[in-house]
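**Q** Sharing model04.cif, mmCIF, C-alpha atoms:
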```cif
data_entry
loop_
_atom_site.label_atom_id
_atom_site.label_comp_id
_atom_site.auth_asym_id
_atom_site.auth_seq_id
_atom_site.Cartn_x
_atom_site.Cartn_y
_atom_site.Cartn_z
CA MET A 1 111.06 151.05 216.85
CA GLU A 2 113.08 148.03 215.86
CA ALA A 3 110.15 146.90 213.74
CA LEU A 4 110.22 150.17 211.81
CA ASP A 5 113.95 149.91 211.18
CA LEU A 6 113.53 146.37 209.83
CA LYS A 7 110.80 147.53 207.52
CA ASP A 8 112.95 150.36 206.19
CA ARG A 9 115.90 148.04 205.57
CA THR A 10 113.72 145.60 203.65
CA ARG A 11 112.29 148.40 201.56
CA GLY A 12 115.79 149.63 200.72
CA GLU A 13 117.01 146.21 199.68
CA ARG A 14 114.06 145.84 197.36
CA PHE A 15 114.80 149.19 195.77
CA ARG A 16 118.44 148.33 195.22
CA ALA A 17 117.49 144.95 193.67
CA HIS A 18 115.01 146.63 191.36
CA SER A 19 117.56 149.22 190.33
CA LYS A 20 120.08 146.52 189.57
CA ARG A 21 117.59 144.62 187.38
CA SER A 22 116.66 147.80 185.55
CA LEU A 23 120.32 148.56 184.91
CA ILE A 24 120.89 145.05 183.48
CA GLN A 25 117.77 145.28 181.31
CA TYR A 26 118.88 148.66 180.01
CA ALA A 27 122.30 147.34 179.23
CA LEU A 28 120.82 144.38 177.34
CA PHE A 29 118.47 146.67 175.43
CA THR A 30 121.30 148.97 174.50
CA LEU A 31 123.43 146.04 173.36
CA THR A 32 120.56 144.65 171.27
CA CYS A 33 119.99 148.00 169.62
CA PHE A 34 123.66 148.29 168.87
CA ILE A 35 123.78 144.86 167.27
CA LEU A 36 120.62 145.58 165.24
CA ALA A 37 122.11 148.86 164.15
CA LEU A 38 125.20 147.06 162.95
CA LEU A 39 123.08 144.60 161.00
CA VAL A 40 120.55 147.03 159.60
CA ALA A 41 122.69 150.07 159.00
CA PRO A 42 124.45 148.70 155.92
CA HIS A 43 121.12 147.92 154.31
CA VAL A 44 119.57 151.24 155.20
CA LEU A 45 122.57 153.46 154.77
CA ARG A 46 124.12 151.26 152.01
CA PHE A 47 127.71 151.86 152.97
CA PRO A 48 130.12 151.53 150.02
CA VAL A 49 131.86 148.19 149.52
CA ASP A 50 135.20 147.83 147.73
CA VAL A 51 135.04 145.38 144.82
CA SER A 52 137.07 144.48 141.77
CA LEU A 53 134.94 144.07 138.61
CA ASN A 54 136.96 142.34 135.88
CA GLY A 55 140.07 143.93 137.43
CA ARG A 56 138.50 147.40 137.77
CA ALA A 57 138.36 148.79 141.32
CA LEU A 58 134.93 150.10 142.27
CA LYS A 59 132.99 151.18 145.33
CA ILE A 60 129.59 149.60 145.25
CA PRO A 61 126.67 150.35 147.59
CA TYR A 62 126.14 147.54 150.05
CA GLY A 63 123.57 145.02 148.85
CA THR A 64 123.82 145.87 145.13
CA THR A 65 123.29 142.70 143.07
CA LEU A 66 125.86 141.29 140.69
CA GLY A 67 123.52 141.90 137.77
CA GLU A 68 123.03 145.56 138.70
CA VAL A 69 126.77 146.12 138.89
CA ALA A 70 127.42 144.40 135.55
CA HIS A 71 124.71 146.34 133.71
CA LYS A 72 125.91 149.64 135.16
CA TYR A 73 129.60 149.29 134.42
CA LEU A 74 129.78 146.95 131.40
CA GLU A 75 128.45 147.24 127.86
CA PRO A 76 125.66 144.83 126.82
CA ARG A 77 127.94 143.29 124.21
CA GLN A 78 130.31 142.40 127.05
CA LEU A 79 127.54 140.56 128.84
CA TYR A 80 125.29 138.70 126.41
CA GLY A 81 126.14 136.29 123.63
CA ASP A 82 124.66 136.74 120.17
CA LEU A 83 122.02 134.74 118.34
CA LEU A 84 123.67 133.31 115.25
CA ALA A 85 122.24 131.98 112.01
CA VAL A 86 123.21 128.53 110.78
CA ASP A 87 125.92 130.08 108.62
CA GLY A 88 127.48 131.91 111.58
CA SER A 89 126.14 135.36 110.76
CA VAL A 90 124.57 137.40 113.57
CA LEU A 91 120.79 137.32 113.62
CA GLU A 92 120.37 139.25 116.86
CA GLU A 93 123.01 140.96 118.96
CA GLN A 94 122.78 140.05 122.66
CA GLY A 95 120.23 137.39 121.73
CA GLY A 96 122.32 134.57 123.18
CA GLU A 97 123.09 133.28 126.66
CA PRO A 98 123.24 135.67 129.69
CA PRO A 99 126.55 136.53 131.41
CA ILE A 100 128.20 134.24 133.95
CA PHE A 101 129.23 135.77 137.30
CA VAL A 102 132.21 134.34 139.17
CA VAL A 103 132.79 135.49 142.76
CA ARG A 104 135.89 134.11 144.42
CA THR A 105 136.11 131.24 141.89
CA LYS A 106 132.44 130.27 142.37
CA GLU A 107 129.66 130.93 139.91
CA ARG A 108 126.85 133.00 141.36
CA ASP A 109 123.42 134.07 140.20
CA ALA A 110 122.90 137.60 138.86
CA SER A 111 120.52 138.31 141.74
CA ALA A 112 123.16 137.61 144.40
CA PRO A 113 123.83 140.74 146.56
CA ILE A 114 127.28 142.17 147.30
CA ARG A 115 127.82 142.49 151.07
CA SER A 116 131.60 142.56 151.40
CA ALA A 117 134.73 143.45 149.51
CA THR A 118 135.33 140.85 146.82
CA ASP A 119 136.62 140.09 143.33
CA ILE A 120 133.94 139.78 140.64
CA ASN A 121 134.61 138.41 137.19
CA VAL A 122 131.90 138.64 134.56
CA ARG A 123 132.23 136.32 131.58
CA ARG A 124 130.23 137.05 128.45
CA GLY A 125 127.46 134.55 127.75
CA ASP A 126 127.84 132.03 124.96
CA ASP A 127 126.59 132.65 121.44
CA VAL A 128 123.51 130.62 120.53
CA ARG A 129 122.99 129.18 117.06
CA GLU A 130 119.43 129.05 115.75
CA ASP A 131 117.68 125.70 115.61
CA ILE A 132 117.69 123.68 112.41
CA ALA A 133 114.22 122.95 111.05
CA GLU A 134 113.28 120.11 108.73
CA GLU A 135 110.85 120.03 105.85
CA ALA A 136 110.11 116.63 104.36
CA SER A 137 108.74 116.14 100.88
CA GLU A 138 107.75 113.05 98.94
CA VAL A 139 109.24 112.12 95.62
CA LYS A 140 106.67 110.17 93.68
CA PRO A 141 108.00 107.14 91.85
CA GLY A 142 108.25 107.07 88.11
CA PHE A 143 106.59 104.48 85.93
CA THR A 144 108.30 101.82 83.87
CA ARG A 145 106.09 100.05 81.34
CA ARG A 146 107.08 96.71 79.92
CA GLY A 147 105.16 95.16 77.06
CA THR A 148 101.75 96.16 75.70
CA GLY A 149 98.19 95.02 76.07
CA PRO A 150 95.11 95.38 78.29
CA PHE A 151 96.42 93.23 81.13
CA GLY A 152 98.65 94.88 83.68
CA GLN A 153 100.58 93.15 86.44
CA VAL A 154 102.72 95.18 88.81
CA VAL A 155 106.13 93.55 88.97
CA ASP A 156 107.56 96.12 91.39
CA ALA A 157 105.29 98.40 93.43
CA GLY A 158 108.13 100.91 93.64
CA GLN A 159 108.79 103.16 96.56
CA ILE A 160 107.97 106.75 97.35
CA GLY A 161 111.15 108.68 98.00
CA VAL A 162 111.52 111.09 100.89
CA THR A 163 113.83 114.09 100.84
CA VAL A 164 114.34 116.39 103.81
CA ARG A 165 115.35 120.03 103.51
CA LEU A 166 117.34 121.31 106.49
CA TYR A 167 117.26 125.06 107.10
CA GLY A 168 117.57 127.69 109.81
CA ALA A 169 114.35 127.92 111.80
CA ILE A 170 114.60 131.74 111.90
CA SER A 171 116.77 132.74 108.96
CA GLU A 172 115.43 130.00 106.64
CA ILE A 173 118.96 129.66 105.26
CA GLU A 174 119.23 126.23 103.65
CA VAL A 175 121.79 123.93 105.21
CA ALA A 176 121.38 120.75 103.18
CA VAL A 177 118.94 118.50 101.37
CA GLU A 178 119.08 114.89 102.46
CA GLN A 179 117.62 111.85 100.79
CA ARG A 180 116.07 109.86 103.63
CA VAL A 181 114.31 107.26 101.47
CA ALA A 182 115.41 106.44 97.93
CA MET A 183 112.70 106.57 95.28
CA ARG A 184 112.17 103.46 93.17
CA ASP A 185 110.09 103.36 89.99
CA VAL A 186 106.94 101.32 89.67
CA GLU A 187 107.37 98.55 87.13
CA VAL A 188 104.34 97.12 85.31
CA GLN A 189 104.28 94.23 82.88
CA PHE A 190 101.54 94.54 80.27
CA SER A 191 100.39 91.66 78.14
CA SER A 192 97.68 90.76 75.65
CA PHE A 193 96.06 87.75 74.05
CA GLY A 194 97.60 87.35 70.60
CA LYS A 195 95.46 87.45 67.47
CA SER A 196 96.91 84.14 66.37
CA SER A 197 95.50 82.52 69.51
CA PRO A 198 92.12 80.79 69.78
CA LYS A 199 89.09 82.97 69.18
CA LEU A 200 88.53 83.97 72.80
CA ILE A 201 86.69 87.19 73.58
CA ALA A 202 85.63 88.85 76.84
CA LEU A 203 82.60 90.98 77.68
CA THR A 204 83.14 93.43 80.54
CA PHE A 205 80.56 95.66 82.20
CA ASP A 206 81.37 98.79 84.22
CA ASP A 207 79.52 101.07 86.68
CA GLY A 208 76.98 98.53 87.98
CA PRO A 209 75.13 96.95 89.45
CA HIS A 210 71.86 98.55 88.36
CA PRO A 211 68.49 97.25 89.59
CA GLN A 212 67.00 97.22 86.07
CA TYR A 213 69.70 96.83 83.45
CA THR A 214 72.02 94.39 85.25
CA PRO A 215 69.30 91.69 85.68
CA GLU A 216 68.36 92.10 82.01
CA VAL A 217 71.99 91.59 80.97
CA LEU A 218 72.24 88.57 83.26
CA ARG A 219 69.19 86.95 81.63
CA LEU A 220 70.68 87.38 78.15
CA LEU A 221 74.05 85.97 79.22
CA SER A 222 72.42 83.04 80.99
CA ALA A 223 70.31 82.16 77.95
CA ALA A 224 73.42 82.12 75.75
CA GLU A 225 75.61 80.49 78.43
CA VAL A 226 78.10 83.33 78.17
CA PRO A 227 80.33 84.35 81.10
CA ALA A 228 81.33 87.98 81.60
CA THR A 229 83.31 90.17 83.96
CA PHE A 230 81.51 92.82 86.00
CA PHE A 231 83.58 95.71 87.31
CA LEU A 232 81.39 96.85 90.18
CA THR A 233 81.42 100.20 91.96
CA GLY A 234 81.19 99.94 95.72
CA SER A 235 78.63 102.74 96.00
CA GLN A 236 76.25 100.86 93.68
CA VAL A 237 76.82 97.55 95.45
CA SER A 238 75.94 99.21 98.77
CA ARG A 239 72.63 100.32 97.22
CA TYR A 240 71.82 97.10 95.41
CA PRO A 241 73.62 94.24 97.18
CA GLU A 242 71.01 91.72 96.01
CA VAL A 243 71.84 92.48 92.36
CA ALA A 244 75.55 91.98 93.09
CA GLN A 245 74.63 88.64 94.65
CA GLN A 246 72.82 87.66 91.42
CA ILE A 247 76.00 88.35 89.42
CA ALA A 248 78.10 86.17 91.71
CA ALA A 249 75.46 83.42 91.84
CA ALA A 250 75.44 83.26 88.04
CA GLY A 251 79.17 82.48 88.06
CA HIS A 252 80.44 85.67 86.47
CA GLN A 253 83.75 87.22 87.45
CA ILE A 254 83.49 89.94 90.10
CA ALA A 255 85.96 92.81 89.81
CA ASN A 256 86.45 96.23 91.42
CA HIS A 257 85.74 99.55 89.71
CA SER A 258 86.35 101.82 92.76
CA TYR A 259 83.83 103.07 95.28
CA SER A 260 83.36 106.70 94.25
CA HIS A 261 84.24 106.54 90.53
CA ARG A 262 86.62 109.50 90.94
CA ASP A 263 89.71 109.97 88.82
CA TYR A 264 92.37 108.20 90.86
CA ARG A 265 95.12 110.33 89.35
CA GLU A 266 93.78 113.33 91.26
CA LEU A 267 93.91 111.57 94.63
CA SER A 268 96.75 110.86 97.02
CA LEU A 269 97.99 107.33 97.56
CA GLU A 270 96.13 107.12 100.87
CA GLU A 271 92.90 108.45 99.34
CA VAL A 272 93.08 105.86 96.57
CA ARG A 273 93.79 103.15 99.13
CA ARG A 274 90.76 104.10 101.25
CA ASP A 275 88.46 104.30 98.24
CA LEU A 276 89.61 100.99 96.78
CA GLN A 277 89.53 99.14 100.09
CA ARG A 278 86.09 100.48 100.89
CA SER A 279 84.82 99.07 97.61
CA GLN A 280 86.65 95.78 98.17
CA ASN A 281 85.01 95.34 101.57
CA ILE A 282 81.52 96.21 100.36
CA ILE A 283 81.77 93.86 97.36
CA GLU A 284 83.07 91.02 99.51
CA THR A 285 80.30 91.50 102.07
CA ALA A 286 77.61 91.44 99.38
CA THR A 287 78.95 88.64 97.17
CA GLY A 288 81.35 86.63 99.31
CA VAL A 289 84.06 87.33 96.71
CA ARG A 290 87.02 89.64 97.27
CA PRO A 291 88.09 90.92 93.84
CA THR A 292 91.61 90.36 92.59
CA TRP A 293 91.15 92.45 89.45
CA VAL A 294 90.67 96.22 89.27
CA ARG A 295 89.71 98.65 86.56
CA PRO A 296 90.25 102.20 87.84
CA PRO A 297 87.60 104.77 86.90
CA TYR A 298 87.84 105.76 83.24
CA GLY A 299 90.75 103.34 82.96
CA LEU A 300 93.05 106.17 84.04
CA THR A 301 96.20 105.31 85.95
CA ASN A 302 99.55 106.69 87.02
CA SER A 303 102.48 105.49 89.06
CA THR A 304 100.58 106.12 92.32
CA VAL A 305 97.68 103.91 91.24
CA PHE A 306 99.98 101.14 90.05
CA ALA A 307 102.02 101.37 93.25
CA LEU A 308 98.86 100.73 95.25
CA LEU A 309 97.73 97.87 93.01
CA GLY A 310 101.14 96.30 93.39
CA SER A 311 101.17 96.66 97.17
CA GLU A 312 97.71 95.05 97.32
CA ASN A 313 98.66 92.33 94.81
CA LEU A 314 95.83 93.30 92.46
CA MET A 315 95.71 92.87 88.69
CA PHE A 316 94.74 95.62 86.27
CA ALA A 317 92.40 95.13 83.30
CA HIS A 318 91.92 97.74 80.58
CA TRP A 319 90.06 97.10 77.33
CA ASN A 320 90.94 97.08 73.64
CA LEU A 321 87.50 97.44 72.06
CA ASP A 322 85.26 100.34 73.07
CA PRO A 323 81.97 100.88 71.20
CA VAL A 324 81.31 103.96 73.34
CA ASP A 325 77.93 102.63 74.43
CA TRP A 326 77.65 105.22 77.24
CA ARG A 327 76.94 107.87 74.59
CA ARG A 328 73.86 105.86 73.49
CA PRO A 329 74.46 106.01 69.73
CA GLY A 330 71.83 103.31 69.19
CA ALA A 331 71.81 99.58 69.94
CA TYR A 332 72.61 98.54 66.34
CA LEU A 333 75.59 100.93 66.07
CA ILE A 334 76.97 99.70 69.40
CA ALA A 335 76.73 96.10 68.22
CA GLU A 336 78.12 96.91 64.77
CA ARG A 337 81.23 98.58 66.25
CA VAL A 338 81.91 95.46 68.28
CA MET A 339 81.24 92.95 65.51
CA GLN A 340 83.38 94.78 62.96
CA ASN A 341 86.39 95.06 65.27
CA ALA A 342 86.16 91.84 67.27
CA ALA A 343 89.29 89.67 67.17
CA PRO A 344 90.86 86.95 69.30
CA GLY A 345 91.80 88.56 72.60
CA SER A 346 89.27 91.42 72.38
CA ILE A 347 88.17 92.80 75.72
CA ILE A 348 84.93 94.67 75.09
CA LEU A 349 83.98 97.64 77.27
CA LEU A 350 80.26 97.97 78.00
CA HIS A 351 78.24 99.53 80.82
CA ASP A 352 75.34 98.16 82.85
CA GLY A 353 75.11 101.20 85.16
CA GLY A 354 75.69 104.93 85.28
CA GLY A 355 72.63 105.95 83.25
CA ASP A 356 70.13 104.67 80.70
CA ARG A 357 71.63 101.39 79.44
CA SER A 358 68.66 100.09 77.49
CA GLN A 359 70.61 100.37 74.21
CA THR A 360 73.50 98.39 75.71
CA VAL A 361 71.11 95.60 76.76
CA GLN A 362 69.74 95.34 73.21
CA ALA A 363 73.27 95.46 71.77
CA VAL A 364 74.44 92.59 74.01
CA ALA A 365 71.84 90.27 72.47
CA LEU A 366 73.09 91.07 68.95
CA ILE A 367 76.79 90.83 69.89
CA VAL A 368 76.47 87.46 71.55
CA ASN A 369 74.41 85.89 68.76
CA VAL A 370 76.65 87.08 65.93
CA LEU A 371 80.03 86.41 67.54
CA GLN A 372 79.02 82.95 68.73
CA ALA A 373 77.94 82.18 65.19
CA GLU A 374 81.37 83.30 63.99
CA GLY A 375 83.05 80.82 66.31
CA PHE A 376 84.11 83.12 69.12
CA GLU A 377 84.17 81.75 72.66
CA PHE A 378 83.29 84.12 75.48
CA VAL A 379 85.46 83.96 78.60
CA THR A 380 86.11 86.09 81.67
CA VAL A 381 89.06 88.46 81.92
CA GLU A 382 90.72 86.08 84.37
CA GLU A 383 90.38 83.12 82.00
CA MET A 384 91.73 85.09 79.05
CA TYR A 385 94.71 86.27 81.05
CA ARG A 386 95.58 82.74 82.13
CA GLN A 387 95.61 81.56 78.51
CA SER A 388 97.64 84.56 77.36
CA LYS A 389 100.62 83.64 79.54
#
```
Will you turn the file into structure tokens for me?
**A**
Amino acid sequence: MEALDLKDRTRGERFRAHSKRSLIQYALFTLTCFILALLVAPHVLRFPVDVSLNGRALKIPYGTTLGEVAHKYLEPRQLYGDLLAVDGSVLEEQGGEPPIFVVRTKERDASAPIRSATDINVRRGDDVREDIAEEASEVKPGFTRRGTGPFGQVVDAGQIGVTVRLYGAISEIEVAVEQRVAMRDVEVQFSSFGKSSPKLIALTFDDGPHPQYTPEVLRLLSAAEVPATFFLTGSQVSRYPEVAQQIAAAGHQIANHSYSHRDYRELSLEEVRRDLQRSQNIIETATGVRPTWVRPPYGLTNSTVFALLGSENLMFAHWNLDPVDWRRPGAYLIAERVMQNAAPGSIILLHDGGGDRSQTVQAVALIVNVLQAEGFEFVTVEEMYRQSK
């Protein structure tokens, strides 16, 4: 009997302990739910929050962002700055900086939520001025000619000017035009060999070398012991380097007549530079001589060409007697035009390449024989120039 009573007492104590634990657990659960309700309710129910927006009293749903409040209660022009042109005119309303939100003296992001009563000040964003774009343009140098004659020496290579136009990148309104680099004219000194000077005369040959006509000319000059100046084109030298070597080996003056034989006036400064240097390199590789004299194609020049010649320290050689042999009027007529007009200081233009030059070859024999008999001495362009100074 006592055993049964002990068992019943133990069972009762266990029940009371269990009930106590259950009561504590329930109380904790209830408290947790209450706390969660306090935390979640404002988000779910979005209770109104008292705020002051730029001094205006408002009730705002809990959790509303600063940006949402500003866009609901303020005009866009109160929020965003404008995009301005360079002259201050408006290009785009509200195209500037976004508004700045200040909550209790601290700047906040537009996405910041409102969770308690507070003072909000919204300051309009700053105006933004369009970027200034630049457009540079070159001012080609002019050309100052001093003296006359077939020889040209660049005294001042000049300088390409650079002007920059400043303008609005969107509006294209011009702000200013600045001179970044001052232009300076190219200055060229021309000279000639006076008619009262000794009877010196120079034969010059353009457009070679040619595998047939150049060697024939060389044989005639060698037989008469006459030096000449050969203005070689780089493209021809690259095809017939051995003929160019024959010219140099015979002691004649080697000069440059471009690589492509294009009108240099139609090319940019850099295009002329590349063409001329390409020819210079090819001629030097074939002959061992780097030319110091140039005759541009067709003898045509402008300030750009002279600027390049000056920067490369190259001399220019034109001509003052042209029998127009390239038209093939007949060997006798070519020779007659030369012989009738030859004078001390004549620089004769002939061609050993660029087409059929058989008439020129025949004319050279006549020219040399007659002018030597008349007491003329044949020299290179370089030699004539030295004696003209």
**Q** Any chance you could resolve the PyMOL selection byres ((chain A and resi 138) around 6) against this file and give the residues as an MDAnalysis selection string?
**A** chainID A and resid 137 139 161:162
**Q** Please evaluate the PyMOL selection byres ((chain A and resi 259) around 6) against the displayed coordinates and give the resulting residues as a PDB file with C-alpha atoms, in the frame of the given file.
**A**
```
ATOM      1  CA  THR A 233      81.420 100.200  91.960  1.00  0.00           C
ATOM      2  CA  GLY A 234      81.190  99.940  95.720  1.00  0.00           C
ATOM      3  CA  SER A 235      78.630 102.740  96.000  1.00  0.00           C
ATOM      4  CA  SER A 258      86.350 101.820  92.760  1.00  0.00           C
ATOM      5  CA  SER A 260      83.360 106.700  94.250  1.00  0.00           C
ATOM      6  CA  HIS A 261      84.240 106.540  90.530  1.00  0.00           C
ATOM      7  CA  ASP A 275      88.460 104.300  98.240  1.00  0.00           C
ATOM      8  CA  SER A 279      84.820  99.070  97.610  1.00  0.00           C
TER       9      SER A 279
END
```
**Q** Quick one: distance from CA of Val51 in chain A to CA of Ile100 in chain A in Å, one decimal?
**A**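 Between CA of Val51 in chain A and CA of Ile100 in chain A the gap is 17.0 Å.
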**Q** If we draw a sphere of 10 Å around (75.9, 100.2, 96.3), which residues have at least one atom in it when counting all atoms listed in the file? Please report them as a PyMOL selection string.
**A** chain A and resi 208-210+232-244+259+279+282-283+286
**Q** Apply the PyMOL selection byres ((chain A and resi 339) around 10) to the structure shown and report the selected residues as a list in words.
**A**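 When the PyMOL selection byres ((chain A and resi 339) around 10) is applied to the shown file, the picked residues are Pro323, Leu333, Ile334, Ala335, Glu336, Arg337, Val338, Gln340, Asn341, Ala342, Ala343, Leu366, Ile367, Val368, Val370, Leu371 and Glu374 of chain A.
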**Q** With only C-alpha atoms as the counted atoms, please give the residues lying no more than 7 Å from Asp185 in chain A, apart from itself and same-chain residues fewer than 2 positions off, as number ranges by chain.
**A** A: 141-144, 158-159, 183, 187
**Q** Would you mind listing what lies within 6 Å of range 308-322 of chain A as an mmCIF file with C-alpha atoms, in the coordinates of the input, with all atoms listed in the file counted and same-chain residues fewer than 5 positions away left out?
**A**
```
data_model
loop_
_atom_site.group_PDB
_atom_site.id
_atom_site.type_symbol
_atom_site.label_atom_id
_atom_site.label_comp_id
_atom_site.auth_asym_id
_atom_site.auth_seq_id
_atom_site.Cartn_x
_atom_site.Cartn_y
_atom_site.Cartn_z
ATOM 1 C CA PRO A 150 95.110 95.380 78.290
ATOM 2 C CA PHE A 151 96.420 93.230 81.130
ATOM 3 C CA GLY A 152 98.650 94.880 83.680
ATOM 4 C CA GLN A 153 100.580 93.150 86.440
ATOM 5 C CA VAL A 154 102.720 95.180 88.810
ATOM 6 C CA ALA A 157 105.290 98.400 93.430
ATOM 7 C CA THR A 292 91.610 90.360 92.590
ATOM 8 C CA TRP A 293 91.150 92.450 89.450
ATOM 9 C CA VAL A 294 90.670 96.220 89.270
ATOM 10 C CA ARG A 295 89.710 98.650 86.560
ATOM 11 C CA ILE A 347 88.170 92.800 75.720
ATOM 12 C CA ILE A 348 84.930 94.670 75.090
ATOM 13 C CA LEU A 349 83.980 97.640 77.270
#
```
**Q** As an exercise, work out the distance from CA of Glu216 in chain A to CA of Asp325 in chain A in Å and give it to one decimal place.
**A** 16.1 Å
**Q** Quick one: everything within 9 Å of range 356-364 of chain A, counting only C-alpha atoms, minus sequence neighbours fewer than 5 positions away in the same chain. Send it as a list in words.
**A**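 Here the qualifying residues turn out to be Tyr213, Thr214, Glu216, Val217, Leu220, Leu221, Asp325, Trp326, Arg328, Pro329, Gly330, Ala331, Tyr332, Leu333, Ile334, Ala335, Glu336, Leu350, His351 and Asn369 of chain A.
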**Q** Can you list, as a list in words, every protein, DNA or RNA residue that comes within 8 Å of range 170-176 of chain A when you count all atoms listed in the file, leaving out same-chain residues fewer than 5 positions away?
**A**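 So, after excluding close chain neighbours, the residues are Ala85, Val86, Asp87, Leu91, Glu130, Asp131 and Arg165 of chain A.
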**Q** Which value, in Å to one decimal, gives the distance between CA of Ser192 in chain A and CA of Glu266 in chain A?
**A**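 Those two atoms sit 27.7 Å apart.
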**Q** Using all atoms listed in the file for the distances, tell me which of A:Val122, A:Ile160, A:Leu276, A:Ala224 is nearest to Ala373 in chain A.
**A**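 Smallest separation from Ala373 in chain A among the options: A:Ala224.
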**Q** Residues within 9 Å of range 107-109 of chain A, please, as a list in words. Count all atoms listed in the file; anything in the same chain fewer than 6 positions from it doesn't count.
**A**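 Neighbouring residues, sequence-local ones excluded: Leu66, Gly67, Ile100 and Phe101 of chain A.
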